[in-house]
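Q: Following this line is model_20.cif, made up of mmCIF, C-alpha atoms and all ligand atoms:
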```cif
data_final
#
loop_
_atom_site.label_atom_id
_atom_site.label_comp_id
_atom_site.auth_asym_id
_atom_site.auth_seq_id
_atom_site.Cartn_x
_atom_site.Cartn_y
_atom_site.Cartn_z
CA MET A 1 94.81 78.85 117.32
CA GLY A 2 97.29 77.36 114.88
CA ASN A 3 100.92 76.57 115.35
CA ARG A 4 103.37 77.44 112.60
CA ILE A 5 106.77 76.01 111.80
CA ILE A 6 109.36 78.35 110.29
CA GLN A 7 112.48 76.73 108.83
CA GLY A 8 115.91 78.30 109.07
CA ALA A 9 116.56 80.27 105.85
CA LYS A 10 118.52 78.28 103.27
CA GLN A 11 119.30 81.34 101.18
CA PRO A 12 119.54 85.12 101.59
CA LEU A 13 116.41 87.30 101.53
CA LYS A 14 116.36 89.11 98.18
CA GLY A 15 113.88 91.26 96.34
CA GLU A 16 111.20 93.81 97.13
CA LEU A 17 108.40 94.06 99.63
CA THR A 18 105.65 96.67 99.91
CA ILE A 19 104.96 97.47 103.56
CA PRO A 20 101.26 97.50 104.49
CA GLY A 21 99.49 100.52 105.98
CA ASP A 22 100.41 101.94 109.37
CA LYS A 23 98.26 100.64 112.23
CA SER A 24 98.35 103.86 114.28
CA VAL A 25 97.48 106.04 111.29
CA SER A 26 94.76 103.64 110.08
CA HIS A 27 92.96 103.84 113.45
CA ARG A 28 93.13 107.61 113.51
CA SER A 29 91.99 107.96 109.88
CA VAL A 30 88.66 106.25 110.61
CA MET A 31 88.17 107.98 113.96
CA LEU A 32 88.70 111.50 112.63
CA ALA A 33 86.88 110.89 109.35
CA ALA A 34 83.88 109.85 111.47
CA LEU A 35 83.90 113.30 113.11
CA GLY A 36 83.78 115.12 109.77
CA ASP A 37 80.66 115.84 107.79
CA THR A 38 81.95 115.12 104.29
CA PRO A 39 83.05 111.74 102.84
CA VAL A 40 86.66 110.68 103.25
CA HIS A 41 88.27 108.15 100.90
CA ILE A 42 91.00 106.31 102.83
CA THR A 43 93.63 104.38 100.87
CA ASN A 44 96.35 101.96 101.98
CA PHE A 45 94.28 101.33 105.12
CA LEU A 46 95.60 98.41 107.18
CA PRO A 47 92.88 95.71 107.14
CA SER A 48 94.12 94.10 110.35
CA ALA A 49 92.07 92.85 113.29
CA ASP A 50 92.98 95.89 115.44
CA CYS A 51 91.97 98.43 112.81
CA LEU A 52 88.77 96.52 112.10
CA SER A 53 87.96 96.84 115.82
CA THR A 54 88.05 100.61 115.33
CA VAL A 55 85.82 100.30 112.24
CA GLY A 56 83.31 98.28 114.30
CA VAL A 57 83.30 100.84 117.12
CA MET A 58 82.88 103.81 114.77
CA ARG A 59 80.02 102.08 112.95
CA ALA A 60 78.31 101.41 116.28
CA LEU A 61 78.58 105.16 116.95
CA GLY A 62 76.73 105.98 113.74
CA ALA A 63 79.53 106.55 111.22
CA LYS A 64 79.05 105.02 107.77
CA VAL A 65 82.15 103.02 106.92
CA ASP A 66 82.10 101.26 103.54
CA ILE A 67 84.87 98.79 102.90
CA ILE A 68 85.53 99.20 99.15
CA ASN A 69 88.27 96.59 99.16
CA ASP A 70 90.91 95.34 101.58
CA THR A 71 92.82 98.60 101.79
CA GLU A 72 90.26 101.19 100.70
CA LEU A 73 87.49 102.67 102.81
CA MET A 74 84.89 105.37 102.38
CA VAL A 75 83.91 107.00 105.67
CA GLN A 76 80.98 109.38 106.07
CA GLY A 77 80.68 110.97 109.48
CA ASN A 78 77.84 112.96 111.03
CA GLY A 79 79.94 115.94 112.07
CA LEU A 80 81.92 116.76 115.22
CA HIS A 81 78.84 116.57 117.42
CA GLY A 82 77.11 113.78 115.52
CA LEU A 83 78.17 110.60 117.31
CA LYS A 84 75.14 108.47 118.21
CA GLU A 85 74.50 106.45 121.36
CA PRO A 86 75.63 102.86 120.62
CA GLU A 87 72.99 100.15 120.94
CA THR A 88 75.60 97.53 121.82
CA ILE A 89 78.64 97.12 124.00
CA LEU A 90 81.67 98.47 122.13
CA ASN A 91 84.33 95.83 121.56
CA ALA A 92 87.95 97.00 121.22
CA GLY A 93 89.22 93.42 120.77
CA ASN A 94 92.99 93.34 121.35
CA SER A 95 93.44 97.02 120.54
CA GLY A 96 94.72 99.39 123.21
CA THR A 97 94.70 102.19 120.64
CA THR A 98 90.99 101.73 119.88
CA LEU A 99 90.08 101.65 123.55
CA ARG A 100 92.26 104.48 124.86
CA LEU A 101 91.65 106.92 122.02
CA MET A 102 87.92 106.24 121.98
CA MET A 103 87.69 106.77 125.74
CA GLY A 104 88.94 110.29 125.02
CA MET A 105 86.43 110.80 122.23
CA LEU A 106 83.48 109.35 124.17
CA ALA A 107 84.09 110.89 127.62
CA PRO A 108 82.58 114.25 126.52
CA GLN A 109 79.48 112.74 124.83
CA SER A 110 75.95 112.95 126.22
CA PHE A 111 75.33 109.19 126.15
CA VAL A 112 76.52 106.09 127.96
CA SER A 113 79.06 103.80 126.32
CA VAL A 114 80.36 100.50 127.60
CA PHE A 115 83.62 98.94 126.42
CA THR A 116 84.85 95.39 126.41
CA GLY A 117 87.82 93.69 124.72
CA ASP A 118 89.78 90.44 124.62
CA ALA A 119 91.55 88.73 127.53
CA SER A 120 94.81 90.64 126.97
CA LEU A 121 93.10 94.05 126.89
CA HIS A 122 91.25 93.21 130.13
CA LYS A 123 94.64 93.05 131.88
CA ARG A 124 96.00 96.35 130.58
CA PRO A 125 95.99 99.55 132.67
CA MET A 126 93.49 102.21 131.68
CA GLY A 127 94.00 104.40 134.76
CA ARG A 128 96.58 106.37 132.76
CA VAL A 129 93.70 107.62 130.56
CA ILE A 130 90.93 107.65 133.19
CA LYS A 131 92.96 109.94 135.49
CA PRO A 132 93.48 112.89 133.11
CA LEU A 133 90.01 112.52 131.62
CA GLY A 134 88.65 112.55 135.19
CA GLU A 135 90.54 115.80 135.81
CA MET A 136 88.72 117.21 132.78
CA GLY A 137 85.46 116.22 134.50
CA ALA A 138 84.77 112.87 132.84
CA ASN A 139 82.95 110.10 134.67
CA ILE A 140 84.49 106.74 133.79
CA VAL A 141 83.93 103.58 135.79
CA GLY A 142 85.97 100.42 135.42
CA ARG A 143 86.82 97.16 137.14
CA ALA A 144 89.60 96.65 139.69
CA GLU A 145 90.09 100.10 141.20
CA ASN A 146 88.47 101.61 138.16
CA THR A 147 91.34 101.06 135.77
CA LYS A 148 90.40 97.94 133.81
CA LEU A 149 87.85 96.61 131.34
CA PRO A 150 84.93 96.37 131.31
CA ILE A 151 84.66 100.16 131.36
CA THR A 152 81.56 102.38 131.36
CA ILE A 153 81.65 106.01 130.29
CA VAL A 154 78.84 107.97 131.95
CA PRO A 155 77.77 111.37 130.57
CA THR A 156 78.46 114.42 132.73
CA GLU A 157 76.14 117.32 133.52
CA GLU A 158 78.75 119.93 132.66
CA PRO A 159 80.95 119.98 129.53
CA LEU A 160 84.52 118.76 130.06
CA LYS A 161 87.09 121.43 130.90
CA GLY A 162 90.49 121.78 129.24
CA ILE A 163 93.46 121.02 131.51
CA THR A 164 97.23 121.13 131.36
CA TYR A 165 98.39 117.59 131.94
CA VAL A 166 101.99 116.64 132.62
CA MET A 167 102.17 113.05 131.49
CA PRO A 168 104.04 110.68 133.83
CA VAL A 169 104.74 108.23 130.95
CA ALA A 170 105.47 109.03 127.32
CA SER A 171 102.42 107.48 125.69
CA ALA A 172 100.88 108.51 122.40
CA GLN A 173 97.69 106.76 123.39
CA VAL A 174 97.31 108.83 126.55
CA LYS A 175 98.26 112.03 124.74
CA SER A 176 95.77 111.28 121.95
CA ALA A 177 92.93 110.47 124.35
CA ILE A 178 93.38 113.85 126.07
CA LEU A 179 93.62 115.76 122.78
CA LEU A 180 90.51 114.03 121.40
CA ALA A 181 88.59 114.91 124.59
CA GLY A 182 89.95 118.45 124.12
CA LEU A 183 88.04 118.68 120.81
CA PHE A 184 84.87 118.95 122.93
CA ALA A 185 86.19 120.71 126.06
CA GLU A 186 85.83 124.27 127.29
CA GLY A 187 89.08 126.23 127.18
CA GLU A 188 92.53 125.04 126.18
CA THR A 189 93.72 121.45 126.53
CA THR A 190 97.48 120.99 126.90
CA VAL A 191 99.61 117.86 127.28
CA ILE A 192 103.28 117.89 128.23
CA GLU A 193 105.24 114.74 127.39
CA PRO A 194 108.38 113.51 129.16
CA TYR A 195 109.77 112.41 125.76
CA PRO A 196 108.19 112.85 122.34
CA SER A 197 105.84 110.01 121.37
CA ARG A 198 104.31 109.38 117.94
CA ASN A 199 102.55 112.52 116.71
CA HIS A 200 100.08 111.09 114.19
CA THR A 201 97.05 112.44 116.07
CA GLU A 202 98.43 115.98 116.03
CA LEU A 203 99.39 115.78 112.33
CA MET A 204 96.05 114.35 111.31
CA LEU A 205 94.08 116.86 113.38
CA GLU A 206 95.96 119.58 111.49
CA GLY A 207 94.96 117.84 108.26
CA PHE A 208 91.35 118.16 109.46
CA GLY A 209 91.75 121.91 109.95
CA VAL A 210 92.31 121.97 113.72
CA GLN A 211 94.91 124.40 115.00
CA VAL A 212 97.32 122.38 117.13
CA ASN A 213 100.11 124.24 118.87
CA ARG A 214 103.19 122.03 119.03
CA ASP A 215 106.15 123.37 120.90
CA GLU A 216 108.72 120.67 121.67
CA ASN A 217 107.04 118.40 124.24
CA ARG A 218 104.02 120.66 124.77
CA ILE A 219 100.95 120.17 122.61
CA SER A 220 97.73 122.17 122.94
CA LEU A 221 94.46 122.80 121.19
CA THR A 222 91.05 124.34 121.78
CA ALA A 223 87.76 122.87 120.60
CA PRO A 224 87.12 123.74 116.93
CA GLU A 225 83.63 124.46 115.60
CA LYS A 226 83.93 121.56 113.19
CA LEU A 227 86.47 119.31 111.52
CA ILE A 228 87.14 120.01 107.87
CA ALA A 229 87.72 116.53 106.50
CA PRO A 230 90.08 116.03 103.55
CA ALA A 231 88.50 114.17 100.61
CA GLU A 232 91.46 111.78 100.41
CA LEU A 233 93.58 110.28 103.17
CA ILE A 234 96.58 108.09 102.30
CA VAL A 235 97.98 105.87 105.05
CA PRO A 236 101.79 105.47 104.97
CA GLY A 237 103.42 102.02 105.32
CA ASP A 238 104.00 100.85 108.89
CA ILE A 239 107.62 101.08 110.05
CA SER A 240 106.69 98.75 112.93
CA SER A 241 105.91 96.05 110.34
CA ALA A 242 108.97 96.96 108.26
CA ALA A 243 111.10 96.44 111.39
CA PHE A 244 110.88 92.63 111.12
CA TRP A 245 112.34 92.76 107.61
CA LEU A 246 114.93 95.40 108.54
CA VAL A 247 116.21 92.98 111.16
CA ALA A 248 115.81 89.74 109.15
CA ALA A 249 117.67 91.12 106.12
CA SER A 250 120.40 92.58 108.36
CA ILE A 251 121.18 89.27 110.06
CA ILE A 252 120.63 86.66 107.29
CA PRO A 253 123.96 86.71 105.42
CA ASP A 254 124.04 88.19 101.88
CA SER A 255 120.44 89.43 102.05
CA GLU A 256 119.38 92.51 100.15
CA LEU A 257 115.78 93.69 100.48
CA LEU A 258 114.04 96.81 99.24
CA LEU A 259 111.19 97.78 101.58
CA LYS A 260 108.79 100.05 99.73
CA ASN A 261 106.51 102.74 101.15
CA VAL A 262 107.74 102.89 104.75
CA GLY A 263 106.51 105.73 106.99
CA ILE A 264 109.57 107.56 108.35
CA ASN A 265 107.90 110.07 110.68
CA GLU A 266 110.77 110.91 113.05
CA THR A 267 108.69 110.03 116.10
CA ARG A 268 108.75 106.43 114.80
CA THR A 269 112.27 105.94 113.41
CA GLY A 270 114.10 104.91 116.57
CA VAL A 271 114.53 101.41 115.10
CA ILE A 272 116.53 102.86 112.19
CA ASP A 273 118.75 104.83 114.58
CA VAL A 274 119.40 101.79 116.79
CA LEU A 275 120.03 99.35 113.93
CA ARG A 276 122.44 101.84 112.34
CA ALA A 277 124.20 102.21 115.71
CA MET A 278 124.54 98.41 115.62
CA GLY A 279 126.21 98.59 112.21
CA ALA A 280 123.21 97.85 109.97
CA ASP A 281 123.47 98.84 106.31
CA LEU A 282 120.25 100.79 105.67
CA SER A 283 119.78 103.29 102.84
CA ILE A 284 116.76 105.56 102.87
CA ILE A 285 115.80 106.40 99.31
CA ASN A 286 112.99 108.09 97.40
CA GLU A 287 111.91 110.22 100.37
CA ARG A 288 108.54 111.84 99.81
CA LYS A 289 105.37 113.03 101.60
CA SER A 290 102.21 110.97 101.53
CA GLY A 291 99.01 112.08 103.24
CA GLY A 292 100.87 114.58 105.43
CA GLU A 293 103.38 111.95 106.62
CA PRO A 294 106.97 111.40 105.36
CA VAL A 295 107.56 108.07 103.59
CA ALA A 296 110.53 106.47 101.83
CA ASP A 297 111.85 103.17 100.51
CA ILE A 298 114.52 101.48 102.59
CA LEU A 299 117.24 99.28 101.09
CA VAL A 300 118.69 96.92 103.66
CA LYS A 301 121.80 94.83 103.10
CA ALA A 302 123.09 92.17 105.48
CA SER A 303 125.99 93.16 107.74
CA GLN A 304 127.65 91.97 110.93
CA LEU A 305 125.95 93.79 113.78
CA HIS A 306 127.44 94.73 117.14
CA GLY A 307 125.78 95.41 120.48
CA THR A 308 124.59 98.84 121.58
CA SER A 309 122.87 100.58 124.50
CA PHE A 310 119.76 102.71 124.50
CA GLY A 311 117.34 104.07 127.08
CA ALA A 312 114.26 106.07 128.07
CA ASP A 313 114.72 109.00 125.70
CA ILE A 314 114.45 106.88 122.54
CA ILE A 315 112.00 104.23 123.82
CA PRO A 316 108.78 105.99 122.66
CA ARG A 317 110.28 106.19 119.14
CA LEU A 318 110.75 102.39 118.97
CA VAL A 319 108.54 100.97 121.72
CA ASP A 320 106.86 98.40 119.46
CA GLU A 321 110.13 97.39 117.77
CA ILE A 322 111.97 96.12 120.85
CA PRO A 323 111.09 92.44 120.28
CA ALA A 324 112.53 92.72 116.73
CA ILE A 325 115.58 94.66 117.96
CA ALA A 326 116.12 91.91 120.56
CA VAL A 327 116.42 89.42 117.69
CA ALA A 328 119.04 91.63 116.03
CA ALA A 329 120.87 91.79 119.37
CA MET A 330 121.02 87.97 119.64
CA PHE A 331 122.87 87.89 116.29
CA ALA A 332 125.18 90.82 117.13
CA ASP A 333 128.69 90.70 118.56
CA GLY A 334 128.74 91.78 122.20
CA ASP A 335 126.00 92.97 124.54
CA THR A 336 122.92 95.09 123.91
CA VAL A 337 121.62 96.92 126.97
CA ILE A 338 118.06 98.29 126.95
CA THR A 339 116.93 100.49 129.87
CA GLY A 340 113.93 102.74 130.60
CA ALA A 341 111.59 100.32 128.82
CA GLY A 342 109.19 99.47 131.67
CA GLU A 343 106.28 100.19 129.30
CA LEU A 344 107.01 96.83 127.66
CA ARG A 345 105.49 95.18 130.71
CA VAL A 346 102.03 96.59 129.90
CA LYS A 347 101.84 95.88 126.18
CA GLU A 348 99.75 93.07 124.61
CA THR A 349 101.70 90.83 126.97
CA ASP A 350 104.59 91.51 129.36
CA ARG A 351 107.15 91.71 126.56
CA ILE A 352 110.18 91.79 128.89
CA ASP A 353 109.22 88.44 130.38
CA ALA A 354 108.10 87.11 126.99
CA ILE A 355 111.38 88.02 125.25
CA TYR A 356 113.39 86.59 128.13
CA ALA A 357 111.45 83.30 128.31
CA GLN A 358 110.99 82.56 124.61
CA PHE A 359 114.29 83.81 123.21
CA SER A 360 116.13 81.93 125.99
CA GLN A 361 114.23 78.85 124.87
CA LEU A 362 115.69 79.39 121.40
CA GLY A 363 119.20 79.49 122.88
CA GLY A 364 119.59 83.26 123.34
CA SER A 365 121.51 84.56 126.34
CA ILE A 366 119.28 87.17 127.93
CA GLU A 367 118.79 88.90 131.29
CA ALA A 368 115.42 90.45 132.13
CA LYS A 369 115.46 93.62 134.27
CA GLU A 370 112.55 95.48 135.80
CA ASP A 371 112.65 98.10 133.04
CA GLY A 372 114.74 96.53 130.32
CA LEU A 373 116.87 93.71 128.98
CA ILE A 374 120.50 92.75 128.57
CA ILE A 375 121.07 90.59 125.52
CA HIS A 376 124.42 88.84 125.17
CA GLY A 377 124.91 88.44 121.41
CA GLY A 378 126.42 85.56 119.51
CA SER A 379 125.26 82.66 121.65
CA GLY A 380 123.91 80.80 118.57
CA LEU A 381 120.32 79.64 118.33
CA ASN A 382 118.72 76.20 118.24
CA MET A 383 115.35 74.97 116.96
CA ALA A 384 112.64 75.15 119.64
CA LYS A 385 108.91 75.30 120.22
CA CYS A 386 108.02 78.80 121.44
CA PHE A 387 104.88 80.55 122.63
CA SER A 388 103.63 83.84 121.17
CA TYR A 389 101.47 84.72 124.21
CA ASP A 390 98.96 85.59 121.47
CA ASP A 391 101.03 88.75 120.97
CA HIS A 392 101.47 89.64 117.29
CA ARG A 393 104.88 91.25 117.69
CA MET A 394 106.21 88.32 119.71
CA ALA A 395 105.03 85.89 117.00
CA MET A 396 106.73 87.85 114.20
CA SER A 397 109.93 88.29 116.22
CA LEU A 398 110.04 84.56 116.90
CA ALA A 399 109.50 83.94 113.18
CA ILE A 400 112.49 86.05 112.12
CA ALA A 401 114.63 84.60 114.91
CA GLY A 402 113.81 81.11 113.61
CA LEU A 403 114.39 82.18 110.03
CA ALA A 404 117.83 83.59 110.83
CA GLY A 405 118.63 80.69 113.17
CA LYS A 406 117.72 77.02 112.99
CA GLY A 407 113.96 77.28 112.78
CA VAL A 408 111.12 77.64 115.28
CA GLU A 409 107.65 76.27 115.96
CA ILE A 410 105.40 79.12 117.07
CA GLU A 411 102.39 78.28 119.22
CA GLN A 412 99.42 80.62 118.67
CA ALA A 413 100.96 82.00 115.52
CA ASP A 414 97.78 83.44 113.95
CA CYS A 415 97.87 86.57 116.11
CA VAL A 416 99.97 88.32 113.41
CA ASP A 417 96.52 89.27 112.00
CA ILE A 418 96.40 91.99 114.66
CA SER A 419 98.88 94.17 112.76
CA TYR A 420 100.26 92.33 109.70
CA PRO A 421 97.81 89.83 108.19
CA THR A 422 100.06 89.11 105.16
CA PHE A 423 103.24 88.53 107.20
CA TYR A 424 103.51 84.75 106.72
CA ALA A 425 102.57 84.99 103.03
CA GLU A 426 105.42 87.48 102.52
CA LEU A 427 107.78 85.26 104.49
CA ASP A 428 106.83 82.24 102.36
CA ARG A 429 107.26 84.27 99.16
CA LEU A 430 110.71 85.50 100.17
CA THR A 431 111.97 82.09 101.24
CA LYS A 432 110.53 79.76 98.58
C1 LIG B 501 100.18 103.52 119.72
C2 LIG B 501 101.00 103.95 120.71
C3 LIG B 501 101.91 103.07 121.43
C4 LIG B 501 102.12 101.74 120.72
C5 LIG B 501 100.87 101.16 120.18
C6 LIG B 501 100.18 102.13 119.24
C7 LIG B 501 99.28 104.50 119.08
O1 LIG B 501 101.39 102.84 122.72
O2 LIG B 501 102.75 100.82 121.57
O3 LIG B 501 101.12 99.96 119.48
O4 LIG B 501 98.72 104.19 118.00
O5 LIG B 501 99.10 105.57 119.64
P1 LIG B 501 101.73 103.87 123.93
O6 LIG B 501 101.49 105.20 123.38
O7 LIG B 501 100.77 103.55 125.03
O8 LIG B 501 103.16 103.59 124.29
#
```
Since I need it in another form, could you write the structure as structure tokens?
Ligand code: S3P

A:
Amino acid sequence: MGNRIIQGAKQPLKGELTIPGDKSVSHRSVMLAALGDTPVHITNFLPSADCLSTVGVMRALGAKVDIINDTELMVQGNGLHGLKEPETILNAGNSGTTLRLMMGMLAPQSFVSVFTGDASLHKRPMGRVIKPLGEMGANIVGRAENTKLPITIVPTEEPLKGITYVMPVASAQVKSAILLAGLFAEGETTVIEPYPSRNHTELMLEGFGVQVNRDENRISLTAPEKLIAPAELIVPGDISSAAFWLVAASIIPDSELLLKNVGINETRTGVIDVLRAMGADLSIINERKSGGEPVADILVKASQLHGTSFGADIIPRLVDEIPAIAVAAMFADGDTVITGAGELRVKETDRIDAIYAQFSQLGGSIEAKEDGLIIHGGSGLNMAKCFSYDDHRMAMSLAIAGLAGKGVEIEQADCVDISYPTFYAELDRLTK
């Protein structure tokens, strides 16, 4: 588990950067392609540890996944009802998306599956998925009051039944698990979200010929006879990865970066809205559609940021970007107040505590609240040794904080492989 030292930037960030494939869309592309019965060629796939966990799980369930090169896959499924009983324990690694979505897909199957994962995933709550799937009739057994890994999915005598589920938290993973179970359930399956979360599952299901009724926060479907797989699936660039550069180029004076191929699905663009509210200079150019998702290039120019406030309604649209936004807030004039973000406590690590502890260590002035943060901007940063908690987004946020400040040594820095394996190479290229 290597440490990495990032020096404070000696010059502005200039040039272009192509943003790698979206993690959420990459997972879903392999999962749905594995339920089709014709080959799917997936391009711009994100070859990160999390997405490779999904590849491993789908292979164990009988799908043929050929890795043509780093970003290109060929997936051949066995049809909607063709998943095979796995001969091994399924390992979701660090990936909550793999585990939660696959629980939805496996709950209706006629075989037993057992899931494990890494130390972080063993701590994360799965009751939020087990509860609605249980209401559909699923039989899922876990550790510690049945909500944690290891988890066993036991087949049921009767097929699952569609339900209408009012979600207590806005979570795309919970929504997706229910909708995937709904592909095999009797009757209609409906989820109602408190606030809109990322809709990649719904969009991709439509791309596979499933009729999904989407009416504001209410999404429903009934089990199709089969999925009609597209021959080609193009994954858009990941705005969650772009976020680190949006922030770094905004706060390192005189920077000007062109981020190419960024997914701008409006359920994901909260970071753009918040950075603009802080005074960031972002131009969205060359807007186009790619694989059913909107993408664009984003030109970011450095500017003096100021504090802002945001809360529960926008959180699902930027939930993974809060560590990066917190870095922007440390370099802004005035205070940034984040509320309604209790979900951060159940991510790869408790990100409220992690941001508070590590960014304070760097010299930031931060208050941690039960469901948010107050960041007092402009305190000026120093060089420090900081811990990533083995959380990829913490490591990358620490890296850009060090880059814009006076440097940082990141302990357990390699975890960026979870979502952005080329992050440090890009950072080195831009700063050499
Ligand atoms: C994801 C949904 C989000 C996000 C995660 C990926 C997805 O989690 O934090 O990184 O692919 O559906 P929640 O939906 O649980 O907030």

Q: Within 7 Å of Ser303 of chain A, counting only C-alpha atoms, which residues show up once you throw out same-chain ones fewer than 6 positions away? Write them as a list in words, please.

A: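 Skipping anything fewer than 6 positions along the chain leaves Ser250, Ile251, Ala280 and Asp281 of chain A.
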
Q: Would you mind reading off the distance between atom CA of Ala170 of chain A and atom CA of Ile352 of chain A, one decimal, in Å?

A: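 The value is 17.9 Å.
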
Q: Can you pull out every residue with an atom within 6 Å of ligand LIG 501 (chain B)? Use only C-alpha atoms and all ligand atoms and format it as number ranges by chain.

A: A: 24, 97, 171-173, 319-320

Q: Selection from above, C-alpha atoms, as a CSV table (one decimal), keeping the file's coordinate frame, can you write it?

A:
```csv
chain,number,residue,atom,x,y,z
A,24,SER,CA,98.4,103.9,114.3
A,97,THR,CA,94.7,102.2,120.6
A,171,SER,CA,102.4,107.5,125.7
A,172,ALA,CA,100.9,108.5,122.4
A,173,GLN,CA,97.7,106.8,123.4
A,319,VAL,CA,108.5,101.0,121.7
A,320,ASP,CA,106.9,98.4,119.5
```

Q: Please report, as CSV, each residue of segment 53-116 of chain A lying at most 12 Å from segment 174-191 of chain A, together with the nearest pair of atoms and the separation in Å rounded to one decimal; use all atoms listed in the file, and order rows by chain and ascending residue number.

A:
```
residue,atom,partner,partner_atom,distance
A:Leu80,CA,A:Leu183,CA,8.5
A:His81,CA,A:Phe184,CA,8.5
A:Gly82,CA,A:Phe184,CA,11.9
A:Gly96,CA,A:Val174,CA,10.3
A:Thr97,CA,A:Ala177,CA,9.2
A:Thr98,CA,A:Ala177,CA,10.0
A:Leu99,CA,A:Ala177,CA,9.3
A:Arg100,CA,A:Ala177,CA,6.0
A:Leu101,CA,A:Ala177,CA,4.4
A:Met102,CA,A:Ala177,CA,7.0
A:Met103,CA,A:Ala177,CA,6.6
A:Gly104,CA,A:Ala177,CA,4.0
A:Met105,CA,A:Ala181,CA,5.2
A:Leu106,CA,A:Ala181,CA,7.6
A:Ala107,CA,A:Ala181,CA,6.8
A:Pro108,CA,A:Phe184,CA,6.3
A:Gln109,CA,A:Phe184,CA,8.4
A:Ser110,CA,A:Phe184,CA,11.2
```

Q: Do you know which residues are at most 8 Å from segment 42-50 of chain A counting all atoms listed in the file, after dropping those on the same chain fewer than 3 positions away, and could you put them as a PyMOL selection string?

A: chain A and resi 20-23+26+29+53-54+70-75+92-95+98+232-237+417-421

Q: Leaving out Ile228 of chain A and any residue of its chain fewer than 2 positions from it, which residues lie within 12 Å of it when counting all atoms listed in the file, given as a list of chain:residue names?

A: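 Selected residues are A:Leu32, A:Ala33, A:Ala34, A:Leu35, A:Gly36, A:Asp37, A:Thr38, A:Pro39, A:Val40, A:Gly77, A:Gly79, A:Leu80, A:Met204, A:Leu205, A:Glu206, A:Gly207, A:Phe208, A:Gly209, A:Val210, A:Gln211, A:Pro224, A:Glu225, A:Lys226, A:Pro230, A:Ala231, A:Glu232.
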
Q: Mind giving me the straight-line distance from atom CA of Asp353 of chain A to atom CA of His122 of chain A in Å, one decimal?

A: 18.6 Å

Q: Provide the atom CA of Asp66 of chain A to atom CA of Met31 of chain A distance in Å, to one decimal place.

A: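 About the pair atom CA of Asp66 of chain A and atom CA of Met31 of chain A: they are 13.8 Å apart.
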
Q: So, with all atoms listed in the file as the atoms that count, which of A:Asn286, A:Pro155, A:Leu227, A:Leu258 lies closest to Glu16 of chain A?

A: A:Leu258

Q: Might you pull out every residue within 7 Å of Ile219 of chain A, with only C-alpha atoms counted and same-chain residues fewer than 2 positions away left off, and present them as an MDAnalysis selection string?

A: chainID A and resid 190:192 212:215 217

Q: Which residues are near segment 400-407 of chain A? Cut-off 6 Å, only C-alpha atoms, ignore same chain within fewer than 5 positions. Put them as a list in words.

A: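 Near segment 400-407 of chain A, the qualifying residues are Ile6, Gln7, Gly8, Ala9, Ala248, Ile252, Val327, Leu381, Asn382 and Met383 of chain A.
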
Q: Of the residues A:Lys369, A:Ile264, A:Pro159, A:Glu321, which is the one nearest to Lys289 of chain A, using all atoms listed in the file?

A: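 For Lys289 of chain A, the nearest of the candidates is A:Ile264.
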
Q: Of the candidates A:Ser388, A:Gln11, A:Thr201, A:Ser220, which shows the shortest atom-to-atom distance to Ala357 of chain A, using all atoms listed in the file?

A: A:Ser388

Q: With all atoms listed in the file as the atoms that count, which of A:Pro194, A:Gly270, A:Gly117, A:Pro168 lies nearest to Lys148 of chain A?

A: A:Gly117

Q: Which is closest to Leu149 of chain A among A:Leu221, A:Ala326, A:Val271, A:Leu121, if we use only C-alpha atoms?

A: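 Under the stated criterion, the closest residue is A:Leu121.
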